[in-house]
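target38.txt (compact mmCIF, C-alpha atoms)
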# COMPACT_ATOMS: atom_id res chain seq x y z
CA MET A 1 14.69 -5.27 31.44
CA GLU A 2 15.26 -7.34 34.56
CA LYS A 3 18.31 -9.61 34.71
CA SER A 4 16.15 -12.73 34.44
CA GLN A 5 14.49 -11.36 31.30
CA VAL A 6 17.87 -10.51 29.77
CA LYS A 7 19.02 -14.06 30.49
CA TRP A 8 15.97 -15.55 28.77
CA LEU A 9 16.41 -13.16 25.84
CA TYR A 10 19.94 -14.45 25.35
CA ILE A 11 18.71 -18.05 25.59
CA SER A 12 15.84 -17.48 23.16
CA VAL A 13 17.93 -15.58 20.59
CA GLY A 14 20.89 -17.93 20.99
CA PHE A 15 18.74 -21.01 20.44
CA SER A 16 17.07 -19.44 17.42
CA LEU A 17 20.42 -18.45 15.88
CA ALA A 18 21.83 -21.94 16.46
CA ILE A 19 18.86 -23.55 14.70
CA LEU A 20 19.08 -21.08 11.80
CA ILE A 21 22.80 -21.78 11.35
CA ILE A 22 22.10 -25.53 11.22
CA ILE A 23 19.30 -24.99 8.69
CA LEU A 24 21.57 -22.84 6.50
CA TYR A 25 24.35 -25.44 6.73
CA PHE A 26 22.07 -28.15 5.35
CA THR A 27 20.28 -26.05 2.71
CA ILE A 28 22.87 -23.74 1.15
CA ASN A 29 24.52 -25.20 -1.95
CA GLU A 30 25.92 -24.10 -5.32
CA ASN A 31 22.44 -23.10 -6.55
CA THR A 32 21.77 -20.69 -3.66
CA LEU A 33 23.78 -17.87 -5.23
CA THR A 34 21.76 -18.22 -8.45
CA TYR A 35 18.52 -17.77 -6.51
CA LEU A 36 19.92 -14.82 -4.53
CA ARG A 37 20.53 -12.97 -7.81
CA GLN A 38 16.74 -12.95 -8.28
CA VAL A 39 16.08 -11.13 -5.00
CA ASN A 40 13.69 -8.19 -5.21
CA ILE A 41 14.57 -5.94 -2.29
CA TRP A 42 11.33 -3.96 -2.64
CA PHE A 43 9.16 -6.95 -1.81
CA LEU A 44 11.34 -7.72 1.20
CA LEU A 45 10.89 -4.12 2.38
CA LEU A 46 7.16 -4.50 1.73
CA ALA A 47 7.20 -7.55 4.02
CA PHE A 48 8.63 -5.38 6.82
CA MET A 49 5.99 -2.72 6.14
CA THR A 50 3.21 -5.31 6.14
CA HIS A 51 4.42 -6.61 9.47
CA LEU A 52 4.32 -3.05 10.82
CA LEU A 53 0.76 -2.77 9.45
CA THR A 54 -0.04 -5.94 11.40
CA MET A 55 1.12 -4.21 14.59
CA CYS A 56 -1.11 -1.24 13.70
CA PHE A 57 -4.11 -3.57 13.48
CA TRP A 58 -3.21 -4.88 16.93
CA ALA A 59 -2.91 -1.33 18.29
CA LEU A 60 -6.30 -0.41 16.82
CA ARG A 61 -7.81 -3.50 18.44
CA VAL A 62 -6.53 -2.42 21.86
CA GLN A 63 -7.64 1.17 21.30
CA LYS A 64 -11.18 0.27 20.18
CA MET A 65 -11.72 -2.33 22.90
CA THR A 66 -10.47 0.11 25.53
CA GLY A 67 -12.74 2.83 24.15
CA SER A 68 -15.78 0.52 24.30
CA LEU A 69 -15.33 0.34 28.09
CA GLY A 70 -15.31 4.14 28.33
CA TYR A 71 -11.55 4.87 28.41
CA ARG A 72 -9.56 6.78 25.81
CA ILE A 73 -6.00 6.06 24.77
CA GLY A 74 -4.21 7.51 21.75
CA PHE A 75 -3.30 5.36 18.76
CA PHE A 76 0.44 5.93 19.17
CA TYR A 77 0.24 5.12 22.89
CA SER A 78 -1.54 1.90 21.95
CA LEU A 79 1.07 1.15 19.26
CA ASN A 80 3.93 1.70 21.71
CA LEU A 81 2.12 -0.60 24.14
CA VAL A 82 2.03 -3.30 21.46
CA PHE A 83 5.74 -2.82 20.65
CA ALA A 84 6.66 -3.09 24.36
CA ASN A 85 4.66 -6.31 24.57
CA LEU A 86 6.72 -7.82 21.73
CA LEU A 87 9.96 -7.86 23.73
CA ALA A 88 8.42 -9.71 26.68
CA ALA A 89 6.64 -12.10 24.31
CA ALA A 90 9.95 -12.94 22.62
CA VAL A 91 11.43 -14.38 25.82
CA THR A 92 8.45 -16.31 27.22
CA PRO A 93 6.76 -19.55 26.10
CA ALA A 94 3.46 -19.02 24.24
CA GLN A 95 4.33 -15.29 24.22
CA ALA A 96 2.65 -15.14 27.64
CA GLY A 97 4.98 -12.43 28.92
CA GLY A 98 3.33 -9.84 26.70
CA GLU A 99 0.03 -9.87 28.60
CA PRO A 100 1.35 -8.35 31.86
CA VAL A 101 3.09 -5.62 29.85
CA ARG A 102 -0.12 -4.66 28.05
CA ILE A 103 -2.08 -4.68 31.32
CA HIS A 104 0.57 -2.49 32.97
CA GLU A 105 0.58 0.04 30.12
CA LEU A 106 -3.23 0.24 30.08
CA TYR A 107 -3.17 0.79 33.83
CA LYS A 108 -0.66 3.60 33.32
CA ALA A 109 -3.17 5.16 30.90
CA ASN A 110 -5.71 5.37 33.75
CA VAL A 111 -7.58 2.20 32.85
CA PRO A 112 -8.54 0.38 36.09
CA LEU A 113 -6.62 -2.85 36.62
CA GLY A 114 -9.73 -5.03 36.36
CA ASP A 115 -10.78 -3.49 33.04
CA ALA A 116 -7.21 -3.63 31.69
CA THR A 117 -7.11 -7.34 32.55
CA ALA A 118 -10.50 -7.86 30.87
CA ILE A 119 -9.27 -6.21 27.65
CA VAL A 120 -6.12 -8.34 27.46
CA ILE A 121 -8.00 -11.56 28.27
CA MET A 122 -10.57 -10.84 25.55
CA GLU A 123 -7.74 -10.25 23.07
CA ARG A 124 -6.60 -13.82 23.63
CA VAL A 125 -10.16 -15.10 23.34
CA LEU A 126 -10.63 -13.29 20.00
CA ASP A 127 -7.31 -14.74 18.76
CA GLY A 128 -8.61 -18.22 19.58
CA ILE A 129 -11.95 -17.64 17.85
CA VAL A 130 -10.38 -16.21 14.69
CA LEU A 131 -7.75 -18.97 14.51
CA ALA A 132 -10.48 -21.59 14.92
CA LEU A 133 -12.48 -20.03 12.07
CA LEU A 134 -9.39 -19.81 9.85
CA ALA A 135 -8.55 -23.42 10.66
CA ALA A 136 -12.07 -24.50 9.73
CA PHE A 137 -11.78 -22.50 6.48
CA ALA A 138 -8.44 -24.17 5.70
CA MET A 139 -9.82 -27.66 6.31
CA ILE A 140 -13.09 -27.18 4.37
CA VAL A 141 -12.11 -24.87 1.48
CA LEU A 142 -8.34 -25.40 1.10
CA THR A 143 -8.50 -29.20 1.11
CA GLU A 144 -5.97 -29.68 -1.70
CA GLN A 145 -3.49 -27.27 -0.12
CA TRP A 146 -3.31 -28.90 3.29
CA LYS A 147 -3.30 -32.40 1.76
CA SER A 148 -0.31 -31.37 -0.36
CA LEU A 149 1.68 -30.91 2.84
CA GLY A 150 1.83 -34.70 3.24
CA ALA A 151 0.58 -37.14 5.86
CA VAL A 152 2.48 -35.64 8.80
CA SER A 153 1.33 -32.11 8.08
CA GLU A 154 -2.20 -33.38 7.50
CA VAL A 155 -2.17 -34.80 11.02
CA MET A 156 -0.75 -31.48 12.26
CA VAL A 157 -3.73 -29.62 10.80
CA TYR A 158 -6.15 -31.91 12.63
CA ILE A 159 -4.19 -31.56 15.88
CA THR A 160 -4.14 -27.79 15.41
CA TRP A 161 -7.89 -27.62 14.90
CA ILE A 162 -8.59 -29.93 17.85
CA PHE A 163 -6.35 -27.77 20.03
CA VAL A 164 -8.17 -24.57 19.09
CA VAL A 165 -11.62 -26.12 19.47
CA GLY A 166 -10.54 -27.50 22.85
CA CYS A 167 -9.42 -24.05 23.96
CA LEU A 168 -12.75 -22.55 22.85
CA PHE A 169 -14.61 -25.29 24.74
CA LEU A 170 -12.61 -24.42 27.86
CA PHE A 171 -13.52 -20.79 27.22
CA TYR A 172 -17.21 -21.76 27.16
CA LEU A 173 -16.87 -23.75 30.38
CA ALA A 174 -14.94 -20.93 32.09
CA VAL A 175 -17.87 -18.59 31.38
CA LYS A 176 -20.80 -20.94 32.00
CA ARG A 177 -19.36 -23.38 34.54
CA PRO A 178 -16.29 -21.88 36.21
CA ASP A 179 -16.73 -24.35 39.09
CA VAL A 180 -16.09 -27.26 36.70
CA VAL A 181 -12.95 -25.62 35.32
CA LYS A 182 -11.71 -24.92 38.84
CA ARG A 183 -12.13 -28.57 39.82
CA VAL A 184 -10.27 -29.76 36.71
CA VAL A 185 -7.46 -27.25 37.24
CA ASN A 186 -7.29 -28.23 40.91
CA ARG A 187 -6.90 -31.93 40.12
CA CYS A 188 -4.36 -31.34 37.33
CA THR A 189 -2.34 -28.99 39.54
CA CYS A 190 -2.29 -31.45 42.42
CA TYR A 191 -1.21 -34.25 40.07
CA PHE A 192 1.66 -32.34 38.45
CA THR A 193 2.87 -30.74 41.69
CA ARG A 194 2.94 -33.82 43.92
CA LYS A 195 6.56 -33.14 44.92
CA TRP A 196 6.01 -29.47 45.69
CA GLU A 197 5.61 -28.00 49.14
CA SER A 198 1.95 -27.79 50.18
CA GLN A 199 2.19 -24.02 50.73
CA ARG A 200 3.50 -23.48 47.20
CA VAL A 201 0.73 -25.66 45.72
CA GLU A 202 -1.93 -23.79 47.69
CA LYS A 203 -0.61 -20.46 46.44
CA LEU A 204 -0.78 -21.70 42.84
CA LEU A 205 -4.35 -22.96 43.27
CA VAL A 206 -5.49 -19.63 44.73
CA ARG A 207 -3.92 -17.80 41.78
CA ALA A 208 -5.57 -20.17 39.28
CA ASP A 209 -9.01 -19.65 40.89
CA LYS A 210 -8.51 -15.90 40.76
CA GLU A 211 -7.57 -15.98 37.08
CA ILE A 212 -10.65 -18.06 36.22
CA ASP A 213 -12.86 -15.57 38.08
CA ASN A 214 -11.15 -12.68 36.26
CA PHE A 215 -11.72 -14.41 32.94
CA GLN A 216 -15.44 -14.90 33.61
CA ALA A 217 -15.84 -11.29 34.77
CA ALA A 218 -14.05 -10.01 31.66
CA VAL A 219 -16.28 -11.91 29.26
CA ILE A 220 -19.48 -10.89 31.06
CA LYS A 221 -18.40 -7.25 31.09
CA PHE A 222 -17.77 -7.14 27.35
CA VAL A 223 -20.91 -9.07 26.43
CA LYS A 224 -23.14 -6.87 28.59
CA SER A 225 -21.72 -3.39 28.05
CA ALA A 226 -19.12 -3.42 25.28
CA LYS A 227 -20.45 -5.41 22.32
CA GLY A 228 -19.14 -2.74 19.94
CA GLY A 229 -15.66 -3.31 21.32
CA LEU A 230 -15.97 -7.04 20.62
CA ALA A 231 -17.07 -6.34 17.03
CA TRP A 232 -14.13 -3.99 16.41
CA GLY A 233 -11.84 -6.41 18.20
CA PHE A 234 -12.95 -9.29 15.97
CA LEU A 235 -12.44 -7.22 12.81
CA PHE A 236 -8.93 -6.09 13.72
CA THR A 237 -8.01 -9.56 14.96
CA LEU A 238 -9.01 -10.99 11.57
CA LEU A 239 -7.03 -8.29 9.75
CA TYR A 240 -4.08 -8.94 12.07
CA TRP A 241 -3.86 -12.65 11.26
CA VAL A 242 -4.48 -12.24 7.52
CA SER A 243 -1.77 -9.57 7.34
CA GLU A 244 0.62 -11.77 9.33
CA ILE A 245 0.01 -14.68 6.94
CA VAL A 246 0.48 -12.53 3.80
CA THR A 247 3.90 -11.36 5.05
CA ALA A 248 5.42 -14.79 4.34
CA SER A 249 4.15 -14.70 0.74
CA LEU A 250 5.74 -11.28 0.20
CA ILE A 251 9.08 -12.67 1.36
CA LEU A 252 8.72 -15.56 -1.09
CA VAL A 253 8.09 -13.13 -3.98
CA GLY A 254 11.07 -11.08 -2.82
CA LEU A 255 13.22 -14.19 -3.20
CA GLY A 256 11.96 -14.83 -6.73
CA GLN A 257 9.60 -17.62 -5.71
CA PRO A 258 5.85 -17.99 -6.32
CA PRO A 259 3.80 -16.42 -3.49
CA LEU A 260 2.07 -19.71 -2.58
CA PHE A 261 -0.79 -17.74 -1.01
CA LEU A 262 -3.03 -20.73 -0.31
CA GLU A 263 -0.27 -23.11 0.77
CA SER A 264 1.30 -20.39 2.88
CA PHE A 265 -2.10 -19.70 4.46
CA VAL A 266 -2.25 -23.27 5.76
CA ILE A 267 1.42 -23.39 6.81
CA GLN A 268 1.32 -20.07 8.63
CA LEU A 269 -1.88 -21.11 10.39
CA ILE A 270 -0.21 -24.28 11.69
CA LEU A 271 2.87 -22.32 12.76
CA ALA A 272 0.76 -19.64 14.49
CA ILE A 273 -0.94 -22.24 16.68
CA LEU A 274 2.28 -24.13 17.36
CA MET A 275 3.90 -20.86 18.45
CA MET A 276 1.05 -20.21 20.89
CA MET A 277 1.84 -23.42 22.75
CA PRO A 278 4.20 -23.09 25.76
CA LEU A 279 7.10 -25.07 24.31
CA THR A 280 10.15 -22.78 24.11
CA PRO A 281 10.87 -19.09 24.88
CA GLY A 282 9.65 -17.02 21.96
CA SER A 283 8.92 -20.31 20.12
CA SER A 284 12.62 -20.42 19.20
CA GLY A 285 13.45 -23.58 17.28
CA ILE A 286 9.80 -24.55 16.84
CA ALA A 287 9.15 -21.81 14.29
CA GLU A 288 12.40 -22.34 12.38
CA VAL A 289 12.16 -26.13 12.11
CA GLY A 290 8.42 -26.08 11.38
CA ALA A 291 8.73 -23.48 8.61
CA THR A 292 11.71 -25.27 7.03
CA THR A 293 9.97 -28.64 7.05
CA MET A 294 6.75 -27.41 5.44
CA TYR A 295 8.06 -24.81 2.98
CA ALA A 296 10.69 -27.28 1.72
CA LEU A 297 7.78 -29.14 0.09
CA PHE A 298 7.09 -26.18 -2.21
CA ILE A 299 10.30 -24.20 -2.77
CA PRO A 300 13.82 -25.39 -3.71
CA ALA A 301 16.02 -26.60 -0.85
CA SER A 302 18.70 -24.15 -2.01
CA ILE A 303 16.58 -21.15 -1.00
CA VAL A 304 14.38 -22.50 1.80
CA GLY A 305 17.01 -21.77 4.47
CA ILE A 306 17.41 -18.18 3.27
CA PHE A 307 13.62 -17.78 3.31
CA VAL A 308 13.33 -19.03 6.89
CA VAL A 309 16.13 -16.69 8.03
CA ILE A 310 14.47 -13.64 6.47
CA TRP A 311 11.05 -14.71 7.77
CA ARG A 312 12.40 -14.94 11.32
CA ILE A 313 14.20 -11.60 10.95
CA VAL A 314 10.91 -9.95 10.02
CA MET A 315 8.67 -11.80 12.49
CA TYR A 316 11.00 -12.28 15.47
CA TYR A 317 14.21 -10.24 15.47
CA PHE A 318 12.43 -7.13 14.15
CA ASN A 319 9.93 -7.57 17.01
CA ILE A 320 12.76 -7.58 19.53
CA ALA A 321 14.20 -4.38 18.03
CA LEU A 322 10.78 -2.71 18.17
CA GLY A 323 10.33 -3.90 21.74
CA ILE A 324 13.70 -2.52 22.88
CA GLY A 325 12.93 0.85 21.30
CA SER A 326 9.51 0.96 22.92
CA SER A 327 10.94 -0.03 26.31
CA LEU A 328 13.39 2.89 26.13
CA ILE A 329 10.46 5.25 25.46
CA ILE A 330 8.62 3.87 28.50
CA VAL A 331 11.72 4.18 30.72
CA ARG A 332 12.18 7.80 29.62
CA ARG A 333 8.48 8.51 30.26
CA GLU A 334 8.67 7.10 33.77
CA ALA A 335 11.87 9.05 34.46
CA HIS A 336 10.15 12.30 33.45
CA LYS A 337 7.22 11.51 35.72
CA ARG A 338 9.54 11.01 38.70
CA GLU A 339 11.23 14.33 37.97
Represent the structure contained in this file as structure tokens.
Amino acid sequence: MEKSQVKWLYISVGFSLAILIIILYFTINENTLTYLRQVNIWFLLLAFMTHLLTMCFWALRVQKMTGSLGYRIGFFYSLNLVFANLLAAAVTPAQAGGEPVRIHELYKANVPLGDATAIVIMERVLDGIVLALLAAFAMIVLTEQWKSLGAVSEVMVYITWIFVVGCLFLFYLAVKRPDVVKRVVNRCTCYFTRKWESQRVEKLLVRADKEIDNFQAAVIKFVKSAKGGLAWGFLFTLLYWVSEIVTASLILVGLGQPPLFLESFVIQLILAILMMMPLTPGSSGIAEVGATTMYALFIPASIVGIFVVIWRIVMYYFNIALGIGSSLIIVRREAHKRE
């Protein structure tokens, strides 16, 4: 890792640990030990295994979408690619740092840069589509569950859905009317960078235009010549998010609590979208506070802090460990190539 990435990793992990310590301070009491005696270690291990299965779904998505464009990569190469992406995602807002890593690894597997970019862009698009569908399902079918979260969380569900629909609308515009998107991005950029040097602003605008063109080209390429890849990608994206949501319920059962499958579905959906917004590196603080606030409505305060700690260990700290291991494999691979 570069020094700047190491610095942001320390910041992200440090902030997350600080928030978790505060949460534990306010939630641990004399009843916590009683709840901890009910812990079922096998369900907690199953939560780790389910999270690994989630990563396998992601790897299969990359492999199938790559194959639909005529390039072959092995499953374990794809899985290592996903693991390497996790480390970069943990230190960047909205997990945006993972995209360049995946593009780089696909390029190293002899996938042309343009096609590698198209694959990674379409992954994000599929995430948005699936999250929008899951949000619609939660609002229409799971009405009682999201209303039980209270007025604030009810508003959060609407904001979440509006955000996803807005992103999909921008996706539609970027494909059909990229000129409109470019004008909007141009005006917004000029407004928010009024104090920047003109040369720096111009460079940013050129990069934004290029990314919009890349996005349009990626979508057109998949729609015209790789529809099978989109179908496989949609399937594995759906399995990815369902598996990710179920992981929280397994942790609850491991702590002797009811699984809260439906309630957890809504909560995890809200958290997933919040964590995709560029707020903090690795969504540190946002995930911890959000999970504590919503799960405290359904499980005892004495155990909610422990639950959030274990949930973040599985979903965040475990990701960092996987990412470090994968990065070492990549460094060794590159060293052998140089030799």
Computed gap from CA of Thr50 (chain A) to CA of Met65 (chain A) is 22.6 Å
* **Neighbour list for region 291-308 of chain A as a count of residues only, cut-off 6 Å, only C-alpha atoms, skip fewer than 2 positions in-chain** => 12
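Taking CA of Leu81 (chain A) as the reference point, CA of Met55 (chain A) is found at 10.3 Å.
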- Contacts of Ser283 (chain A) at 12 Å or less, counting all atoms listed in the file, minus same-chain residues fewer than 6 places along, as a VMD selection string? chain A and resid 9 11 to 13 15 to 16 19 89 to 96 271 to 277 289 to 291 312 315 to 316
| request: Tell me, in Å to one decimal, how far CA of Ala248 (chain A) is from CA of Arg61 (chain A). | output: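 That distance, rounded to one decimal, is 22.4 Å.
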Quiz prompt | Given all atoms listed in the file as the counted atoms, nearest of A:Glu144, A:Glu244, A:Glu30, A:Asp127 to Leu168 (chain A) | solution =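 Nearest candidate to Leu168 (chain A) out of A:Glu144, A:Glu244, A:Glu30, A:Asp127: A:Asp127.
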For region 112-114 of chain A: contacts at 10 Å, all atoms listed in the file, fewer than 6 positions along chain excluded, given as a ChimeraX atom specification: /A:71,103-104,106,214,217-218
>> I need the residue nearest Val314 (chain A) from this list: A:Val242, A:Val175, A:Leu250, A:Ala226. Use only C-alpha atoms for the distance.
In response: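 Using only C-alpha atoms, the shortest distance to Val314 (chain A) belongs to A:Leu250.
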